[in-house]
Amino acid sequence: MRQLIVQVPRGQGKKVLDIAKSLDGENLAQFEATGSEELLDLVLIHVSNQQVEKLLAKLEDIPKLHITLLPTGVMALSPPASQAPQQVKNVEERSPIEIFLGGLQSVGSWRGFLGYAAVAGFVVWIGLYTNTIYLLTAAMLIAPFAGPAMNVAIATARGDSQLLWRGILRYFAALAVTIAVAGMLSLIMRQNIATSLMIERSQISSVAVLLPLAAGAAGALNLVQSERSSLVSGAATGMLVAASLAPPAGIVGMASAIGRWDLVVSGLFLLLLQLLGINFTAALLFHFFGLSARGVRYKRGKRWLFPVALVFTVAAIASLLTWQFTSSPDLQRSTLAQRANAQIEEVVSQSPLVTLVEANVRFTHADIKGQNTLLCVVYVQRRKDAIASSEAIRFRLTQAIQNRLLQQNLNITPLIDVSVLELPTSN
């Protein structure tokens with residue numbers, strides 16, 4: 001439920017009260033007041049969230065209308081006292097006008113916005129440079145990417161070209177600052193090689209598109225839901241959005257500084273995929289919850305922009321996914337490593353000589369021209385009835401694993417290291 005304070009010329013207060021009553025307003029009150037230039041009626045109104053936009057539309061014809069909307073939930077209680085639990089538990093989504101105005105209000109100043117982007121670049125660089133993963137989490141909390149990403153989605157749903165371009169500009173400006181800060185720090189510290197965390201975070205899964213789709217849905221739901229109807233904080237959903245943006249931005253900056261263009265390409269791919277995925281699900285949800293091209297106190301939306309922007313977004317996502325699945329293994333390293341691990345477990349399980357202890361499979365950061373090196377370190381334990389030598393077992397398993405992986409046509413060069421472990425001997 002929302003509280004509104006309506007200021008109208010003296011004599012118009014009763015009309016405002018009647019409109020509020022027609023929309024099931026509660027705890028209504030009217031006061032006589034003196035303004036700076038004339039006598040006024042002040043009307044205090046409490047209406048459900050979904051009635052806010054209807055109320056504003058019906059009040060539009062009143063001359064010299066001033067409205068103060070309190071954007072926080074209130075609990076309007078009325079007799080009988082026994083109905084209090086029922087009166088406060090019906091929490092509705094925010095009205096479309098409130099979602100839109102809230103998005104505009106979150107824009108903030110450029111100085112503070114870019115300052116947070118610079119600090120996020122600094123923190124994400126430290127995390128990637130020192131292989132400290134919890135600092136990446138800290139960077140996700142600081143990074144200001146959620147605001148412009150959500151505003152782009154709101155603009156798409158509203159058909160607002162002005163807000164759309166402003167959101168895109170702020171999004172890429174923040175990314176540019178974060179990338180530049182990470183790159184300059186790598187140059188200052190004379191970084192020469194990619195760290196293990198950079199390599200790990202740059203490896204893309206074939207289901208990478210699902211994270212931005214989930215992030216967009218979570219961000220939209222957080223803006224749509226009333227603050228009292230969700231236990232999920234805005235910081236948590238903002239972090240989810242930033243989780244898909246902050247590390248790739250840092251990797252792009254650092255990789256550019258050391259000339260690792262393969263990492264730059266994977267980072268830029270992720271950044272574009274994230275923005276498009278977030279925009280797709282968030283815009284759909286905003287449209288579902290009532291944001292449209294025309295609304296009370298909002299006239300600049302274009303109806304054609306929503307379907308056009310949505311079609312463009314889908315086409316761009318499809319193009320990126322086509323690129324991803326036709327450029328194996330560069331943009332599917334994480335998934336291919338998992339598939340290779342599964343193949344290794346299957347090969348070892350078929351051997352009568354050993355039992356699998358552990359298999360570690362990863363793409364290395366070695367830059368060997370024309371070779372996508374997949375390093376497979378396999379630990380096996382000899383079975384009690386196995387009589388073959390450790391060297392023979394190692395040779396057989398190495399050949400079997402390499403042949404199996406090459407048969408999968410993964411466009412990789414598997415390098416296998418098999419270690420045969422012996423059971424402890426009793427004295």
# chains A, B, ... in the order shown; residues from 1 in each chain; ligands from 1
>>> residues_around(residues="Gln3 (chain A)", least_positions_apart="6", cutoff="6 Å", atoms="only C-alpha atoms", output="number ranges by chain")
A: 45-46, 70
>>> select_by_dssp(residues="region 73-229 of chain A", states="helix (DSSP H, G or I)", output="PyMOL selection string")
chain A and resi 81-89+96-105+110-129+133-142+146-158+161-188+196-202+210-224
>>> select_by_dssp(residues="region 198-422 of chain A", states="strand (DSSP E or B)", output="PDB file with all heavy atoms, in the first residue's frame")
ATOM      1  N   GLY A 295       1.174   5.637 -20.588  1.00  0.00           N
ATOM      2  CA  GLY A 295       0.694   5.505 -19.229  1.00  0.00           C
ATOM      3  C   GLY A 295       0.488   6.876 -18.636  1.00  0.00           C
ATOM      4  O   GLY A 295       0.807   7.902 -19.253  1.00  0.00           O
ATOM      5  N   TYR A 298       3.165   9.691 -18.550  1.00  0.00           N
ATOM      6  CA  TYR A 298       4.226   9.165 -19.411  1.00  0.00           C
ATOM      7  C   TYR A 298       3.659   9.046 -20.815  1.00  0.00           C
ATOM      8  O   TYR A 298       2.796   8.210 -21.072  1.00  0.00           O
ATOM      9  CB  TYR A 298       4.716   7.803 -18.916  1.00  0.00           C
ATOM     10  CG  TYR A 298       5.769   7.215 -19.814  1.00  0.00           C
ATOM     11  CD1 TYR A 298       7.073   7.676 -19.750  1.00  0.00           C
ATOM     12  CD2 TYR A 298       5.456   6.251 -20.760  1.00  0.00           C
ATOM     13  CE1 TYR A 298       8.048   7.171 -20.593  1.00  0.00           C
ATOM     14  CE2 TYR A 298       6.416   5.742 -21.610  1.00  0.00           C
ATOM     15  CZ  TYR A 298       7.710   6.210 -21.518  1.00  0.00           C
ATOM     16  OH  TYR A 298       8.652   5.717 -22.361  1.00  0.00           O
ATOM     17  N   VAL A 354      42.593 -51.170 -12.959  1.00  0.00           N
ATOM     18  CA  VAL A 354      42.659 -50.076 -11.993  1.00  0.00           C
ATOM     19  C   VAL A 354      41.265 -49.568 -11.647  1.00  0.00           C
ATOM     20  O   VAL A 354      40.286 -49.854 -12.335  1.00  0.00           O
ATOM     21  CB  VAL A 354      43.508 -48.903 -12.550  1.00  0.00           C
ATOM     22  CG1 VAL A 354      44.963 -49.308 -12.716  1.00  0.00           C
ATOM     23  CG2 VAL A 354      42.923 -48.404 -13.868  1.00  0.00           C
ATOM     24  N   THR A 355      41.258 -48.753 -10.586  1.00  0.00           N
ATOM     25  CA  THR A 355      40.052 -48.025 -10.165  1.00  0.00           C
ATOM     26  C   THR A 355      40.383 -46.536 -10.133  1.00  0.00           C
ATOM     27  O   THR A 355      41.470 -46.151  -9.679  1.00  0.00           O
ATOM     28  CB  THR A 355      39.594 -48.485  -8.771  1.00  0.00           C
ATOM     29  OG1 THR A 355      39.350 -49.890  -8.795  1.00  0.00           O
ATOM     30  CG2 THR A 355      38.325 -47.757  -8.350  1.00  0.00           C
ATOM     31  N   LEU A 356      39.472 -45.728 -10.602  1.00  0.00           N
ATOM     32  CA  LEU A 356      39.724 -44.282 -10.649  1.00  0.00           C
ATOM     33  C   LEU A 356      39.715 -43.688  -9.243  1.00  0.00           C
ATOM     34  O   LEU A 356      38.812 -43.931  -8.447  1.00  0.00           O
ATOM     35  CB  LEU A 356      38.665 -43.584 -11.503  1.00  0.00           C
ATOM     36  CG  LEU A 356      38.808 -42.067 -11.640  1.00  0.00           C
ATOM     37  CD1 LEU A 356      40.072 -41.712 -12.400  1.00  0.00           C
ATOM     38  CD2 LEU A 356      37.581 -41.469 -12.310  1.00  0.00           C
ATOM     39  N   VAL A 357      40.748 -42.892  -8.958  1.00  0.00           N
ATOM     40  CA  VAL A 357      40.810 -42.146  -7.703  1.00  0.00           C
ATOM     41  C   VAL A 357      40.349 -40.704  -7.931  1.00  0.00           C
ATOM     42  O   VAL A 357      39.476 -40.189  -7.243  1.00  0.00           O
ATOM     43  CB  VAL A 357      42.239 -42.157  -7.130  1.00  0.00           C
ATOM     44  CG1 VAL A 357      42.316 -41.284  -5.873  1.00  0.00           C
ATOM     45  CG2 VAL A 357      42.666 -43.578  -6.814  1.00  0.00           C
ATOM     46  N   GLU A 358      40.934 -40.056  -8.945  1.00  0.00           N
ATOM     47  CA  GLU A 358      40.564 -38.668  -9.241  1.00  0.00           C
ATOM     48  C   GLU A 358      41.052 -38.323 -10.638  1.00  0.00           C
ATOM     49  O   GLU A 358      42.091 -38.821 -11.090  1.00  0.00           O
ATOM     50  CB  GLU A 358      41.178 -37.708  -8.225  1.00  0.00           C
ATOM     51  CG  GLU A 358      40.731 -36.270  -8.391  1.00  0.00           C
ATOM     52  CD  GLU A 358      41.349 -35.358  -7.346  1.00  0.00           C
ATOM     53  OE1 GLU A 358      42.591 -35.375  -7.190  1.00  0.00           O
ATOM     54  OE2 GLU A 358      40.597 -34.639  -6.691  1.00  0.00           O
ATOM     55  N   ALA A 359      40.301 -37.455 -11.309  1.00  0.00           N
ATOM     56  CA  ALA A 359      40.709 -36.946 -12.620  1.00  0.00           C
ATOM     57  C   ALA A 359      40.535 -35.434 -12.645  1.00  0.00           C
ATOM     58  O   ALA A 359      39.458 -34.924 -12.324  1.00  0.00           O
ATOM     59  CB  ALA A 359      39.881 -37.594 -13.726  1.00  0.00           C
ATOM     60  N   ASN A 360      41.589 -34.723 -13.005  1.00  0.00           N
ATOM     61  CA  ASN A 360      41.556 -33.268 -13.120  1.00  0.00           C
ATOM     62  C   ASN A 360      41.759 -32.894 -14.581  1.00  0.00           C
ATOM     63  O   ASN A 360      42.792 -33.232 -15.179  1.00  0.00           O
ATOM     64  CB  ASN A 360      42.647 -32.622 -12.267  1.00  0.00           C
ATOM     65  CG  ASN A 360      42.448 -32.901 -10.793  1.00  0.00           C
ATOM     66  OD1 ASN A 360      41.328 -32.829 -10.299  1.00  0.00           O
ATOM     67  ND2 ASN A 360      43.514 -33.238 -10.081  1.00  0.00           N
ATOM     68  N   VAL A 361      40.772 -32.215 -15.149  1.00  0.00           N
ATOM     69  CA  VAL A 361      40.815 -31.875 -16.569  1.00  0.00           C
ATOM     70  C   VAL A 361      40.638 -30.367 -16.716  1.00  0.00           C
ATOM     71  O   VAL A 361      39.702 -29.790 -16.161  1.00  0.00           O
ATOM     72  CB  VAL A 361      39.700 -32.607 -17.342  1.00  0.00           C
ATOM     73  CG1 VAL A 361      39.758 -32.250 -18.821  1.00  0.00           C
ATOM     74  CG2 VAL A 361      39.819 -34.116 -17.149  1.00  0.00           C
ATOM     75  N   ARG A 362      41.533 -29.746 -17.456  1.00  0.00           N
ATOM     76  CA  ARG A 362      41.433 -28.299 -17.674  1.00  0.00           C
ATOM     77  C   ARG A 362      42.218 -27.901 -18.908  1.00  0.00           C
ATOM     78  O   ARG A 362      43.188 -28.556 -19.284  1.00  0.00           O
ATOM     79  CB  ARG A 362      41.962 -27.527 -16.463  1.00  0.00           C
ATOM     80  CG  ARG A 362      43.423 -27.780 -16.142  1.00  0.00           C
ATOM     81  CD  ARG A 362      43.852 -27.059 -14.878  1.00  0.00           C
ATOM     82  NE  ARG A 362      45.221 -27.371 -14.512  1.00  0.00           N
ATOM     83  CZ  ARG A 362      46.291 -26.736 -14.991  1.00  0.00           C
ATOM     84  NH1 ARG A 362      46.131 -25.750 -15.867  1.00  0.00           N
ATOM     85  NH2 ARG A 362      47.511 -27.064 -14.603  1.00  0.00           N
ATOM     86  N   PHE A 363      41.767 -26.802 -19.526  1.00  0.00           N
ATOM     87  CA  PHE A 363      42.529 -26.199 -20.602  1.00  0.00           C
ATOM     88  C   PHE A 363      43.646 -25.361 -19.983  1.00  0.00           C
ATOM     89  O   PHE A 363      43.425 -24.632 -19.020  1.00  0.00           O
ATOM     90  CB  PHE A 363      41.641 -25.321 -21.480  1.00  0.00           C
ATOM     91  CG  PHE A 363      40.757 -26.095 -22.417  1.00  0.00           C
ATOM     92  CD1 PHE A 363      39.481 -26.490 -22.028  1.00  0.00           C
ATOM     93  CD2 PHE A 363      41.201 -26.442 -23.675  1.00  0.00           C
ATOM     94  CE1 PHE A 363      38.668 -27.204 -22.885  1.00  0.00           C
ATOM     95  CE2 PHE A 363      40.396 -27.149 -24.551  1.00  0.00           C
ATOM     96  CZ  PHE A 363      39.125 -27.547 -24.149  1.00  0.00           C
ATOM     97  N   THR A 373      45.286 -27.085 -26.012  1.00  0.00           N
ATOM     98  CA  THR A 373      45.823 -28.066 -25.081  1.00  0.00           C
ATOM     99  C   THR A 373      44.843 -28.345 -23.945  1.00  0.00           C
ATOM    100  O   THR A 373      44.463 -27.434 -23.203  1.00  0.00           O
ATOM    101  CB  THR A 373      47.158 -27.587 -24.496  1.00  0.00           C
ATOM    102  OG1 THR A 373      48.046 -27.271 -25.560  1.00  0.00           O
ATOM    103  CG2 THR A 373      47.771 -28.663 -23.615  1.00  0.00           C
ATOM    104  N   LEU A 374      44.464 -29.604 -23.811  1.00  0.00           N
ATOM    105  CA  LEU A 374      43.636 -30.051 -22.699  1.00  0.00           C
ATOM    106  C   LEU A 374      44.493 -30.959 -21.824  1.00  0.00           C
ATOM    107  O   LEU A 374      44.893 -32.052 -22.243  1.00  0.00           O
ATOM    108  CB  LEU A 374      42.406 -30.806 -23.196  1.00  0.00           C
ATOM    109  CG  LEU A 374      41.430 -31.263 -22.112  1.00  0.00           C
ATOM    110  CD1 LEU A 374      40.723 -30.057 -21.496  1.00  0.00           C
ATOM    111  CD2 LEU A 374      40.399 -32.240 -22.670  1.00  0.00           C
ATOM    112  N   LEU A 375      44.787 -30.498 -20.629  1.00  0.00           N
ATOM    113  CA  LEU A 375      45.632 -31.259 -19.715  1.00  0.00           C
ATOM    114  C   LEU A 375      44.755 -32.144 -18.835  1.00  0.00           C
ATOM    115  O   LEU A 375      43.859 -31.655 -18.141  1.00  0.00           O
ATOM    116  CB  LEU A 375      46.456 -30.309 -18.849  1.00  0.00           C
ATOM    117  CG  LEU A 375      47.394 -30.952 -17.828  1.00  0.00           C
ATOM    118  CD1 LEU A 375      48.441 -31.814 -18.533  1.00  0.00           C
ATOM    119  CD2 LEU A 375      48.057 -29.891 -16.962  1.00  0.00           C
ATOM    120  N   CYS A 376      45.035 -33.437 -18.873  1.00  0.00           N
ATOM    121  CA  CYS A 376      44.263 -34.418 -18.099  1.00  0.00           C
ATOM    122  C   CYS A 376      45.206 -35.136 -17.149  1.00  0.00           C
ATOM    123  O   CYS A 376      46.084 -35.895 -17.587  1.00  0.00           O
ATOM    124  CB  CYS A 376      43.586 -35.426 -19.022  1.00  0.00           C
ATOM    125  SG  CYS A 376      42.616 -34.684 -20.353  1.00  0.00           S
ATOM    126  N   VAL A 377      45.056 -34.880 -15.874  1.00  0.00           N
ATOM    127  CA  VAL A 377      45.862 -35.538 -14.848  1.00  0.00           C
ATOM    128  C   VAL A 377      44.968 -36.564 -14.161  1.00  0.00           C
ATOM    129  O   VAL A 377      43.975 -36.208 -13.519  1.00  0.00           O
ATOM    130  CB  VAL A 377      46.421 -34.521 -13.833  1.00  0.00           C
ATOM    131  CG1 VAL A 377      47.269 -35.230 -12.784  1.00  0.00           C
ATOM    132  CG2 VAL A 377      47.237 -33.449 -14.548  1.00  0.00           C
ATOM    133  N   VAL A 378      45.332 -37.848 -14.321  1.00  0.00           N
ATOM    134  CA  VAL A 378      44.470 -38.939 -13.865  1.00  0.00           C
ATOM    135  C   VAL A 378      45.210 -39.754 -12.802  1.00  0.00           C
ATOM    136  O   VAL A 378      46.347 -40.200 -13.032  1.00  0.00           O
ATOM    137  CB  VAL A 378      44.072 -39.853 -15.047  1.00  0.00           C
ATOM    138  CG1 VAL A 378      43.097 -40.932 -14.577  1.00  0.00           C
ATOM    139  CG2 VAL A 378      43.470 -39.022 -16.176  1.00  0.00           C
ATOM    140  N   TYR A 379      44.563 -39.930 -11.659  1.00  0.00           N
ATOM    141  CA  TYR A 379      45.104 -40.776 -10.602  1.00  0.00           C
ATOM    142  C   TYR A 379      44.251 -42.037 -10.509  1.00  0.00           C
ATOM    143  O   TYR A 379      43.023 -41.952 -10.364  1.00  0.00           O
ATOM    144  CB  TYR A 379      45.080 -40.041  -9.255  1.00  0.00           C
ATOM    145  CG  TYR A 379      45.951 -38.806  -9.217  1.00  0.00           C
ATOM    146  CD1 TYR A 379      45.405 -37.547  -9.488  1.00  0.00           C
ATOM    147  CD2 TYR A 379      47.299 -38.889  -8.923  1.00  0.00           C
ATOM    148  CE1 TYR A 379      46.187 -36.406  -9.449  1.00  0.00           C
ATOM    149  CE2 TYR A 379      48.095 -37.751  -8.885  1.00  0.00           C
ATOM    150  CZ  TYR A 379      47.531 -36.517  -9.157  1.00  0.00           C
ATOM    151  OH  TYR A 379      48.299 -35.386  -9.122  1.00  0.00           O
ATOM    152  N   VAL A 380      44.922 -43.181 -10.613  1.00  0.00           N
ATOM    153  CA  VAL A 380      44.219 -44.460 -10.535  1.00  0.00           C
ATOM    154  C   VAL A 380      44.882 -45.336  -9.473  1.00  0.00           C
ATOM    155  O   VAL A 380      46.059 -45.152  -9.141  1.00  0.00           O
ATOM    156  CB  VAL A 380      44.209 -45.184 -11.896  1.00  0.00           C
ATOM    157  CG1 VAL A 380      43.431 -44.398 -12.930  1.00  0.00           C
ATOM    158  CG2 VAL A 380      45.630 -45.459 -12.378  1.00  0.00           C
ATOM    159  N   GLN A 381      44.115 -46.275  -8.996  1.00  0.00           N
ATOM    160  CA  GLN A 381      44.618 -47.220  -7.990  1.00  0.00           C
ATOM    161  C   GLN A 381      44.601 -48.631  -8.559  1.00  0.00           C
ATOM    162  O   GLN A 381      43.602 -49.065  -9.134  1.00  0.00           O
ATOM    163  CB  GLN A 381      43.744 -47.156  -6.730  1.00  0.00           C
ATOM    164  CG  GLN A 381      44.104 -48.162  -5.657  1.00  0.00           C
ATOM    165  CD  GLN A 381      43.142 -48.095  -4.483  1.00  0.00           C
ATOM    166  OE1 GLN A 381      42.908 -47.020  -3.935  1.00  0.00           O
ATOM    167  NE2 GLN A 381      42.597 -49.240  -4.107  1.00  0.00           N
ATOM    168  N   ARG A 382      45.723 -49.315  -8.454  1.00  0.00           N
ATOM    169  CA  ARG A 382      45.827 -50.669  -8.974  1.00  0.00           C
ATOM    170  C   ARG A 382      44.860 -51.600  -8.225  1.00  0.00           C
ATOM    171  O   ARG A 382      44.732 -51.535  -7.007  1.00  0.00           O
ATOM    172  CB  ARG A 382      47.255 -51.179  -8.796  1.00  0.00           C
ATOM    173  CG  ARG A 382      47.477 -52.620  -9.259  1.00  0.00           C
ATOM    174  CD  ARG A 382      48.775 -53.158  -8.698  1.00  0.00           C
ATOM    175  NE  ARG A 382      49.913 -52.383  -9.192  1.00  0.00           N
ATOM    176  CZ  ARG A 382      50.546 -52.660 -10.322  1.00  0.00           C
ATOM    177  NH1 ARG A 382      50.153 -53.682 -11.065  1.00  0.00           N
ATOM    178  NH2 ARG A 382      51.575 -51.929 -10.697  1.00  0.00           N
ATOM    179  N   THR A 413      43.772 -30.982 -28.210  1.00  0.00           N
ATOM    180  CA  THR A 413      44.962 -31.824 -28.144  1.00  0.00           C
ATOM    181  C   THR A 413      45.086 -32.335 -26.720  1.00  0.00           C
ATOM    182  O   THR A 413      45.549 -31.610 -25.833  1.00  0.00           O
ATOM    183  CB  THR A 413      46.220 -31.040 -28.534  1.00  0.00           C
ATOM    184  OG1 THR A 413      46.060 -30.507 -29.852  1.00  0.00           O
ATOM    185  CG2 THR A 413      47.453 -31.934 -28.494  1.00  0.00           C
ATOM    186  N   PRO A 414      44.641 -33.561 -26.449  1.00  0.00           N
ATOM    187  CA  PRO A 414      44.666 -34.061 -25.074  1.00  0.00           C
ATOM    188  C   PRO A 414      46.057 -34.535 -24.672  1.00  0.00           C
ATOM    189  O   PRO A 414      46.668 -35.366 -25.345  1.00  0.00           O
ATOM    190  CB  PRO A 414      43.668 -35.226 -25.109  1.00  0.00           C
ATOM    191  CG  PRO A 414      43.675 -35.692 -26.527  1.00  0.00           C
ATOM    192  CD  PRO A 414      43.984 -34.497 -27.378  1.00  0.00           C
ATOM    193  N   LEU A 415      46.574 -33.980 -23.608  1.00  0.00           N
ATOM    194  CA  LEU A 415      47.834 -34.421 -23.024  1.00  0.00           C
ATOM    195  C   LEU A 415      47.503 -35.120 -21.712  1.00  0.00           C
ATOM    196  O   LEU A 415      46.943 -34.502 -20.794  1.00  0.00           O
ATOM    197  CB  LEU A 415      48.766 -33.235 -22.785  1.00  0.00           C
ATOM    198  CG  LEU A 415      49.153 -32.425 -24.034  1.00  0.00           C
ATOM    199  CD1 LEU A 415      50.111 -31.310 -23.651  1.00  0.00           C
ATOM    200  CD2 LEU A 415      49.764 -33.312 -25.108  1.00  0.00           C
ATOM    201  N   ILE A 416      47.858 -36.409 -21.640  1.00  0.00           N
ATOM    202  CA  ILE A 416      47.403 -37.253 -20.534  1.00  0.00           C
ATOM    203  C   ILE A 416      48.579 -37.582 -19.619  1.00  0.00           C
ATOM    204  O   ILE A 416      49.647 -37.977 -20.086  1.00  0.00           O
ATOM    205  CB  ILE A 416      46.772 -38.565 -21.057  1.00  0.00           C
ATOM    206  CG1 ILE A 416      45.788 -38.276 -22.199  1.00  0.00           C
ATOM    207  CG2 ILE A 416      46.093 -39.309 -19.923  1.00  0.00           C
ATOM    208  CD1 ILE A 416      44.628 -37.392 -21.832  1.00  0.00           C
ATOM    209  N   ASP A 417      48.367 -37.428 -18.336  1.00  0.00           N
ATOM    210  CA  ASP A 417      49.348 -37.837 -17.331  1.00  0.00           C
ATOM    211  C   ASP A 417      48.655 -38.776 -16.352  1.00  0.00           C
ATOM    212  O   ASP A 417      47.820 -38.340 -15.555  1.00  0.00           O
ATOM    213  CB  ASP A 417      49.906 -36.616 -16.604  1.00  0.00           C
ATOM    214  CG  ASP A 417      50.950 -36.997 -15.559  1.00  0.00           C
ATOM    215  OD1 ASP A 417      51.473 -38.125 -15.622  1.00  0.00           O
ATOM    216  OD2 ASP A 417      51.232 -36.155 -14.676  1.00  0.00           O
ATOM    217  N   VAL A 418      48.982 -40.069 -16.446  1.00  0.00           N
ATOM    218  CA  VAL A 418      48.351 -41.078 -15.595  1.00  0.00           C
ATOM    219  C   VAL A 418      49.322 -41.466 -14.487  1.00  0.00           C
ATOM    220  O   VAL A 418      50.492 -41.802 -14.764  1.00  0.00           O
ATOM    221  CB  VAL A 418      47.950 -42.323 -16.413  1.00  0.00           C
ATOM    222  CG1 VAL A 418      47.364 -43.395 -15.489  1.00  0.00           C
ATOM    223  CG2 VAL A 418      46.953 -41.951 -17.496  1.00  0.00           C
ATOM    224  N   SER A 419      48.869 -41.417 -13.266  1.00  0.00           N
ATOM    225  CA  SER A 419      49.667 -41.845 -12.110  1.00  0.00           C
ATOM    226  C   SER A 419      49.017 -43.071 -11.503  1.00  0.00           C
ATOM    227  O   SER A 419      47.820 -43.022 -11.141  1.00  0.00           O
ATOM    228  CB  SER A 419      49.777 -40.722 -11.072  1.00  0.00           C
ATOM    229  OG  SER A 419      50.464 -39.602 -11.605  1.00  0.00           O
ATOM    230  N   VAL A 420      49.753 -44.143 -11.386  1.00  0.00           N
ATOM    231  CA  VAL A 420      49.247 -45.395 -10.821  1.00  0.00           C
ATOM    232  C   VAL A 420      49.644 -45.424  -9.342  1.00  0.00           C
ATOM    233  O   VAL A 420      50.835 -45.465  -9.001  1.00  0.00           O
ATOM    234  CB  VAL A 420      49.800 -46.634 -11.549  1.00  0.00           C
ATOM    235  CG1 VAL A 420      49.229 -47.904 -10.937  1.00  0.00           C
ATOM    236  CG2 VAL A 420      49.494 -46.552 -13.037  1.00  0.00           C
ATOM    237  N   LEU A 421      48.692 -45.412  -8.482  1.00  0.00           N
ATOM    238  CA  LEU A 421      48.924 -45.402  -7.031  1.00  0.00           C
ATOM    239  C   LEU A 421      48.828 -46.808  -6.484  1.00  0.00           C
ATOM    240  O   LEU A 421      47.970 -47.595  -6.898  1.00  0.00           O
ATOM    241  CB  LEU A 421      47.909 -44.485  -6.341  1.00  0.00           C
ATOM    242  CG  LEU A 421      47.798 -43.060  -6.901  1.00  0.00           C
ATOM    243  CD1 LEU A 421      46.715 -42.290  -6.154  1.00  0.00           C
ATOM    244  CD2 LEU A 421      49.134 -42.328  -6.793  1.00  0.00           C
TER     245      LEU A 421
END
>>> closest_residue(among="A:Ala208, A:Ile188, A:Leu276, A:Leu353", to="Ala386 (chain A)", atoms="only C-alpha atoms")
A:Leu353
>>> atom_distance(atom1="CA of Thr130 (chain A)", atom2="CA of Thr195 (chain A)")
7.9 Å
>>> residues_around(residues="Asp262 (chain A)", least_positions_apart="4", cutoff="10 Å", atoms="only C-alpha atoms", output="PyMOL selection string")
chain A and resi 202+252+255-256+266-267+330-331+367
>>> write_last_selection(atoms="N, CA and C atoms", output="CSV table (one decimal), in the first residue's frame")
chain,number,residue,atom,x,y,z
A,202,SER,N,37.7,-17.1,-17.5
A,202,SER,CA,37.5,-16.8,-18.9
A,202,SER,C,36.9,-18.0,-19.6
A,252,VAL,N,39.0,-8.6,-19.5
A,252,VAL,CA,39.3,-7.9,-20.8
A,252,VAL,C,40.4,-6.9,-20.6
A,255,ALA,N,43.8,-8.8,-19.8
A,255,ALA,CA,44.2,-9.5,-21.0
A,255,ALA,C,44.7,-8.6,-22.1
A,256,SER,N,44.1,-7.5,-22.2
A,256,SER,CA,44.5,-6.5,-23.3
A,256,SER,C,45.9,-6.0,-22.9
A,266,SER,N,36.9,-13.8,-25.4
A,266,SER,CA,35.9,-14.5,-24.5
A,266,SER,C,35.3,-13.6,-23.5
A,267,GLY,N,36.1,-12.6,-23.0
A,267,GLY,CA,35.5,-11.6,-22.1
A,267,GLY,C,34.4,-10.7,-22.8
A,330,ASP,N,37.0,-22.7,-28.3
A,330,ASP,CA,37.3,-21.4,-27.7
A,330,ASP,C,36.2,-20.9,-26.8
A,331,LEU,N,35.0,-21.0,-27.1
A,331,LEU,CA,33.9,-20.4,-26.3
A,331,LEU,C,33.1,-21.5,-25.6
A,367,ASP,N,50.3,-21.0,-24.6
A,367,ASP,CA,50.0,-20.4,-25.9
A,367,ASP,C,50.8,-21.2,-26.9
>>> residues_around(residues="region 280-292 of chain A", least_positions_apart="6", cutoff="8 Å", atoms="only C-alpha atoms", output="list in words")
Ser95, Pro96, Ile97, Phe100, Met150, Ala153, Ile154, Thr156, Ala157, Arg158, Gly159, Leu213, Ala214, Gly216, Ala217, Ala218, Gly219, Ala220, Leu221, Val224, Gly301, Arg303, Leu310, Thr313 and Val314 of chain A
>>> residues_around(residues="Pro148 (chain A)", least_positions_apart="3", cutoff="6 Å", atoms="only C-alpha atoms", output="list in words")
Phe145, Asn151, Gly167 and Tyr171 of chain A
>>> residues_around(residues="Ala400 (chain A)", least_positions_apart="5", cutoff="12 Å", atoms="only C-alpha atoms", output="PyMOL selection string")
chain A and resi 343-351+393-395+405-407+414+416+418
>>> residues_around(residues="Ser161 (chain A)", least_positions_apart="6", cutoff="8 Å", atoms="only C-alpha atoms", output="ChimeraX atom specification")
/A:155,301-302,305
>>> atom_distance(atom1="CA of Arg333 (chain A)", atom2="CA of Gly250 (chain A)")
19.2 Å
>>> atom_distance(atom1="CA of Glu38 (chain A)", atom2="CA of Leu4 (chain A)")
20.9 Å
>>> closest_residue(among="A:Ile126, A:Ile204, A:Val43, A:Leu397", to="Gly13 (chain A)", atoms="only C-alpha atoms")
A:Val43
>>> decode(residues="region 345-351 of chain A", atoms="N, CA and C atoms", output="PDB file, in the first residue's frame")
ATOM      1  N   GLU A 345      36.413 -40.935 -17.015  1.00  0.00           N
ATOM      2  CA  GLU A 345      35.839 -41.823 -15.999  1.00  0.00           C
ATOM      3  C   GLU A 345      35.278 -43.087 -16.628  1.00  0.00           C
ATOM      4  N   GLU A 346      34.666 -42.945 -17.801  1.00  0.00           N
ATOM      5  CA  GLU A 346      34.101 -44.120 -18.469  1.00  0.00           C
ATOM      6  C   GLU A 346      35.208 -45.067 -18.940  1.00  0.00           C
ATOM      7  N   VAL A 347      36.293 -44.527 -19.498  1.00  0.00           N
ATOM      8  CA  VAL A 347      37.407 -45.369 -19.963  1.00  0.00           C
ATOM      9  C   VAL A 347      38.034 -46.118 -18.800  1.00  0.00           C
ATOM     10  N   VAL A 348      38.280 -45.405 -17.701  1.00  0.00           N
ATOM     11  CA  VAL A 348      38.915 -46.048 -16.551  1.00  0.00           C
ATOM     12  C   VAL A 348      38.005 -47.104 -15.937  1.00  0.00           C
ATOM     13  N   SER A 349      36.701 -46.829 -15.911  1.00  0.00           N
ATOM     14  CA  SER A 349      35.771 -47.802 -15.325  1.00  0.00           C
ATOM     15  C   SER A 349      35.736 -49.106 -16.120  1.00  0.00           C
ATOM     16  N   GLN A 350      36.092 -49.055 -17.406  1.00  0.00           N
ATOM     17  CA  GLN A 350      36.095 -50.256 -18.234  1.00  0.00           C
ATOM     18  C   GLN A 350      37.397 -51.057 -18.116  1.00  0.00           C
ATOM     19  N   SER A 351      38.377 -50.495 -17.431  1.00  0.00           N
ATOM     20  CA  SER A 351      39.659 -51.191 -17.286  1.00  0.00           C
ATOM     21  C   SER A 351      39.596 -52.195 -16.139  1.00  0.00           C
TER      22      SER A 351
END
